[in-house]
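Trainee: Okay, here's the structure, questions in a sec.
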Amino acid sequence: MTVEKSVNTEHLKADMVVMGCGGSGLVTALTAADNGVKNIIILEKEGHRGGNSALAGEFFACDSPVQAREGIVCRADDCFKLAMDWYHWDRVNPRLVRAYINVSGDTVRWLEGKGVEFDGKKLIKSQISNSTHTGKGDSGFGGKLISLLFKKCEEAGVKILLHTRGKKILRDAGVKFPEP
Ligand SMILES: Cc1cc2nc3c(=O)[nH]c(=O)nc-3n(C[C@H](O)[C@H](O)[C@H](O)COP(=O)(O)OP(=O)(O)OC[C@H]3O[C@@H](n4cnc5c(N)ncnc54)[C@H](O)[C@@H]3O)c2cc1C
């Protein structure tokens, strides 16, 4: 992968463009590459990768392989009820909450497959018991996660353009950039 400081974006061609080089963007690009998409470009408006994801310390998951190895039972149904109680059943989209909860364990599985090392002994007892996953070691988990995803994208040939703000992705027609 080439990380370029600034390029003439008018002449770039890609099969897939991702806006934002945080956790979501890197995972999206990597998943697409794993599924055979070629020529992927990530646009990042800042001069560095990672976004807020690089600052995060841990994340929620239930029915994860880390919990299973520790003998911890943390069920999706229970987590959904707790989460919806927390939001008084009317302040969030329940389908989105359920979808997020349902894939959380598989997300941990996927990340482990990419080489992320979770620390089962650090499953933090939070509002939802033993659901908060973090990595091994003392330093920031988010930063490590981003470095690993970035390296995997690099290996998969994803191109990342820093200092490149996108304005709008036009389906089948490219990307609209802000006026200079
Ligand atoms: C200090 C802090 C601590 C946190 N701790 C936790 C935690 O412990 N656990 C937890 O679950 N969550 C935590 N969060 C929240 C979590 O970090 C976010 O929910 C998550 O990182 C969002 O991921 P993302 O990929 O959507 O966004 P980001 O990681 O923020 O990535 C978005 C990227 O898109 C880029 N971008 C934006 N607009 C454009 C554009 N027009 N063109 C090109 N690039 C663009 C941004 O520069 C950024 O790099 C924390 C947040 C903060 C700020």
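FYI, nothing fancy with the structure tokens labels: chains A, B, ... in order, residues from 1 per chain, ligands from 1 as they appear.
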Could you pull out the helix (DSSP H, G or I) residues of range 57-178 of chain A, going by DSSP on the backbone, and write them as number ranges by chain?
Mentor: A: 65-69, 76-86, 94-113, 120-122, 141-155
Trainee: Considering only C-alpha atoms, return as number ranges by chain whatever protein or nucleic-acid residues lie within 10 Å of Glu44 in chain A, sequence-local ones (same chain, fewer than 4 positions apart) excluded.
Mentor: A: 18-22, 25, 48-51, 160-166
Trainee: Set the distance at 12 Å and use only C-alpha atoms: which residues neighbour Asp78 in chain A once local chain neighbours fewer than 5 positions away are removed? I'd like the list as an NGL selection string.
Mentor: :A and (62-63 or 73 or 83-85 or 98 or 101-102 or 127-129 or 131)
Trainee: Write to file, as a tab-separated table (two decimals), in the first residue's frame, the residues of the selection just made, with N, CA, C and O atoms.
Mentor:
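That gives us result_11.tsv:
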chain	number	residue	atom	x	y	z
A	62	CYS	N	-20.53	-9.86	23.28
A	62	CYS	CA	-21.10	-11.00	24.01
A	62	CYS	C	-20.97	-12.25	23.15
A	62	CYS	O	-20.72	-12.16	21.94
A	63	ASP	N	-21.14	-13.40	23.78
A	63	ASP	CA	-20.98	-14.69	23.09
A	63	ASP	C	-19.67	-14.74	22.31
A	63	ASP	O	-19.62	-15.21	21.16
A	73	VAL	N	-20.54	-16.74	30.78
A	73	VAL	CA	-21.76	-16.76	29.97
A	73	VAL	C	-22.27	-15.32	29.86
A	73	VAL	O	-22.59	-14.68	30.85
A	83	ALA	N	-29.42	-3.35	27.42
A	83	ALA	CA	-29.13	-2.15	26.62
A	83	ALA	C	-30.41	-1.36	26.38
A	83	ALA	O	-30.44	-0.13	26.52
A	84	MET	N	-31.48	-2.06	26.05
A	84	MET	CA	-32.75	-1.36	25.76
A	84	MET	C	-33.34	-0.73	27.03
A	84	MET	O	-33.92	0.35	26.98
A	85	ASP	N	-33.18	-1.42	28.17
A	85	ASP	CA	-33.61	-0.81	29.45
A	85	ASP	C	-32.85	0.50	29.68
A	85	ASP	O	-33.42	1.51	30.09
A	98	ARG	N	-29.76	-4.51	18.22
A	98	ARG	CA	-29.75	-5.97	18.16
A	98	ARG	C	-28.68	-6.47	17.16
A	98	ARG	O	-27.95	-7.42	17.42
A	101	ILE	N	-25.27	-6.10	18.70
A	101	ILE	CA	-25.05	-7.13	19.72
A	101	ILE	C	-24.83	-8.50	19.05
A	101	ILE	O	-23.92	-9.25	19.42
A	102	ASN	N	-25.65	-8.80	18.07
A	102	ASN	CA	-25.57	-10.12	17.43
A	102	ASN	C	-24.22	-10.41	16.78
A	102	ASN	O	-23.77	-11.54	16.77
A	127	GLN	N	-21.38	-2.43	32.92
A	127	GLN	CA	-22.83	-2.46	33.13
A	127	GLN	C	-23.38	-3.82	32.73
A	127	GLN	O	-24.32	-4.32	33.31
A	128	ILE	N	-22.79	-4.38	31.68
A	128	ILE	CA	-23.17	-5.72	31.26
A	128	ILE	C	-22.00	-6.62	31.63
A	128	ILE	O	-20.89	-6.46	31.14
A	129	SER	N	-22.25	-7.54	32.52
A	129	SER	CA	-21.20	-8.28	33.20
A	129	SER	C	-20.19	-8.93	32.26
A	129	SER	O	-20.54	-9.64	31.33
A	131	SER	N	-18.38	-8.08	29.77
A	131	SER	CA	-18.57	-7.94	28.32
A	131	SER	C	-17.54	-7.02	27.68
A	131	SER	O	-17.51	-6.88	26.47
Trainee: Could you find all residues in range 53-146 of chain A that DSSP calls strand (DSSP E) from the backbone, and write them as a short mmCIF file (atom, residue, chain, number, x, y, z; two decimals) with all heavy atoms, in the first residue's frame?
Mentor:
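Wrote it out as result19.cif, contents follow:
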data_model
loop_
_atom_site.label_atom_id
_atom_site.label_comp_id
_atom_site.auth_asym_id
_atom_site.auth_seq_id
_atom_site.Cartn_x
_atom_site.Cartn_y
_atom_site.Cartn_z
N PHE A 59 -13.81 -2.65 24.10
CA PHE A 59 -15.14 -2.63 23.48
C PHE A 59 -16.00 -3.79 23.92
O PHE A 59 -15.53 -4.82 24.38
CB PHE A 59 -15.05 -2.52 21.95
CG PHE A 59 -14.55 -3.75 21.24
CD1 PHE A 59 -15.41 -4.76 20.87
CD2 PHE A 59 -13.21 -3.86 20.94
CE1 PHE A 59 -14.95 -5.88 20.21
CE2 PHE A 59 -12.74 -4.98 20.28
CZ PHE A 59 -13.61 -6.00 19.91
N PHE A 60 -17.30 -3.55 23.73
CA PHE A 60 -18.31 -4.51 24.16
C PHE A 60 -18.38 -5.71 23.20
O PHE A 60 -18.29 -5.55 21.98
CB PHE A 60 -19.69 -3.83 24.19
CG PHE A 60 -20.83 -4.81 24.16
CD1 PHE A 60 -21.29 -5.38 25.34
CD2 PHE A 60 -21.40 -5.21 22.96
CE1 PHE A 60 -22.31 -6.32 25.32
CE2 PHE A 60 -22.43 -6.14 22.92
CZ PHE A 60 -22.88 -6.70 24.10
N THR A 132 -16.70 -6.39 28.49
CA THR A 132 -15.80 -5.37 27.95
C THR A 132 -14.44 -5.97 27.63
O THR A 132 -13.69 -6.34 28.53
CB THR A 132 -15.68 -4.20 28.94
OG1 THR A 132 -16.99 -3.74 29.26
CG2 THR A 132 -14.92 -3.06 28.33
N HIS A 133 -14.15 -6.05 26.34
CA HIS A 133 -12.93 -6.73 25.87
C HIS A 133 -11.80 -5.72 25.65
O HIS A 133 -12.02 -4.65 25.10
CB HIS A 133 -13.20 -7.42 24.53
CG HIS A 133 -14.13 -8.60 24.65
ND1 HIS A 133 -15.42 -8.49 25.11
CD2 HIS A 133 -13.94 -9.92 24.35
CE1 HIS A 133 -15.99 -9.69 25.10
NE2 HIS A 133 -15.11 -10.57 24.64
#
Trainee: Considering only C-alpha atoms, can you say which of A:Val66, A:Ala99, A:Cys74, A:Val17 comes closest to Val116 in chain A?
Mentor: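 Checking each candidate against Val116 in chain A, we get A:Val66 as the closest.
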Trainee: For a quick check of understanding, using only C-alpha atoms, which of A:Asp119, A:Gly23, A:Asn130, A:Pro178 has the smallest distance to Leu55 in chain A?
Mentor: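 Nearest to Leu55 in chain A: A:Gly23.
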Trainee: Within 12 Å of range 30-39 of chain A, counting only C-alpha atoms, which residues qualify if same-chain residues fewer than 6 places away don't, as a short mmCIF file (atom, residue, chain, number, x, y, z; two decimals) with C-alpha atoms, in the first residue's frame?
Mentor:
data_model
loop_
_atom_site.label_atom_id
_atom_site.label_comp_id
_atom_site.auth_asym_id
_atom_site.auth_seq_id
_atom_site.Cartn_x
_atom_site.Cartn_y
_atom_site.Cartn_z
CA MET A 1 0.00 0.00 0.00
CA THR A 2 1.17 3.50 -0.67
CA LEU A 12 -7.55 8.16 -9.48
CA LYS A 13 -9.59 5.11 -10.37
CA ALA A 14 -10.79 2.52 -7.84
CA ASP A 15 -13.22 -0.38 -7.60
CA MET A 16 -14.11 0.71 -4.07
CA VAL A 17 -13.63 3.94 -2.15
CA VAL A 18 -13.88 4.10 1.65
CA CYS A 21 -9.30 5.65 7.97
CA GLY A 23 -11.64 1.40 12.72
CA SER A 24 -14.77 1.18 10.54
CA THR A 107 -16.28 -9.48 15.54
CA TRP A 110 -12.70 -12.12 13.23
CA LEU A 111 -10.19 -9.86 14.99
CA LYS A 114 -6.38 -11.25 12.11
CA LEU A 148 -2.59 -4.09 13.07
CA LEU A 149 -5.54 -3.34 10.76
CA PHE A 150 -3.42 -0.81 8.90
CA LYS A 151 -0.66 -3.42 8.37
CA LYS A 152 -3.22 -5.96 7.15
CA CYS A 153 -4.62 -3.41 4.70
CA GLU A 154 -1.06 -2.74 3.58
CA GLU A 155 -0.50 -6.44 2.94
CA ALA A 156 -3.80 -6.60 1.02
CA GLY A 157 -2.69 -3.77 -1.27
CA VAL A 158 -5.20 -1.17 -0.06
CA LYS A 159 -4.17 2.37 -0.94
CA ILE A 160 -4.60 5.03 1.76
#
Trainee: Name all residues at most 7 Å from Gly57 in chain A (count only C-alpha atoms; drop same-chain ones fewer than 3 positions away) and give them as a PyMOL selection string.
Mentor: chain A and resi 134+140-142
Trainee: Restricting the calculation to only C-alpha atoms and all ligand atoms, which member of A:Val108, A:Val97, A:Val27, A:Ala76 is positioned closest to ligand 1?
Mentor: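 Among A:Val108, A:Val97, A:Val27, A:Ala76, it is A:Val27 that comes nearest to ligand 1.
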Trainee: Could you please determine the separation between atom 41 (N, counted along the ligand's line) of ligand 1 and CA of Pro94 in chain A in Å, to one decimal place?
Mentor: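 CA of Pro94 in chain A lies at a distance of 27.8 Å from atom 41 (N, counted along the ligand's line) of ligand 1.
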Trainee: Work out how far CA of Ala68 in chain A is from CA of Ser53 in chain A, in Å to one decimal.
Mentor: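 That distance, rounded to one decimal, is 25.6 Å.
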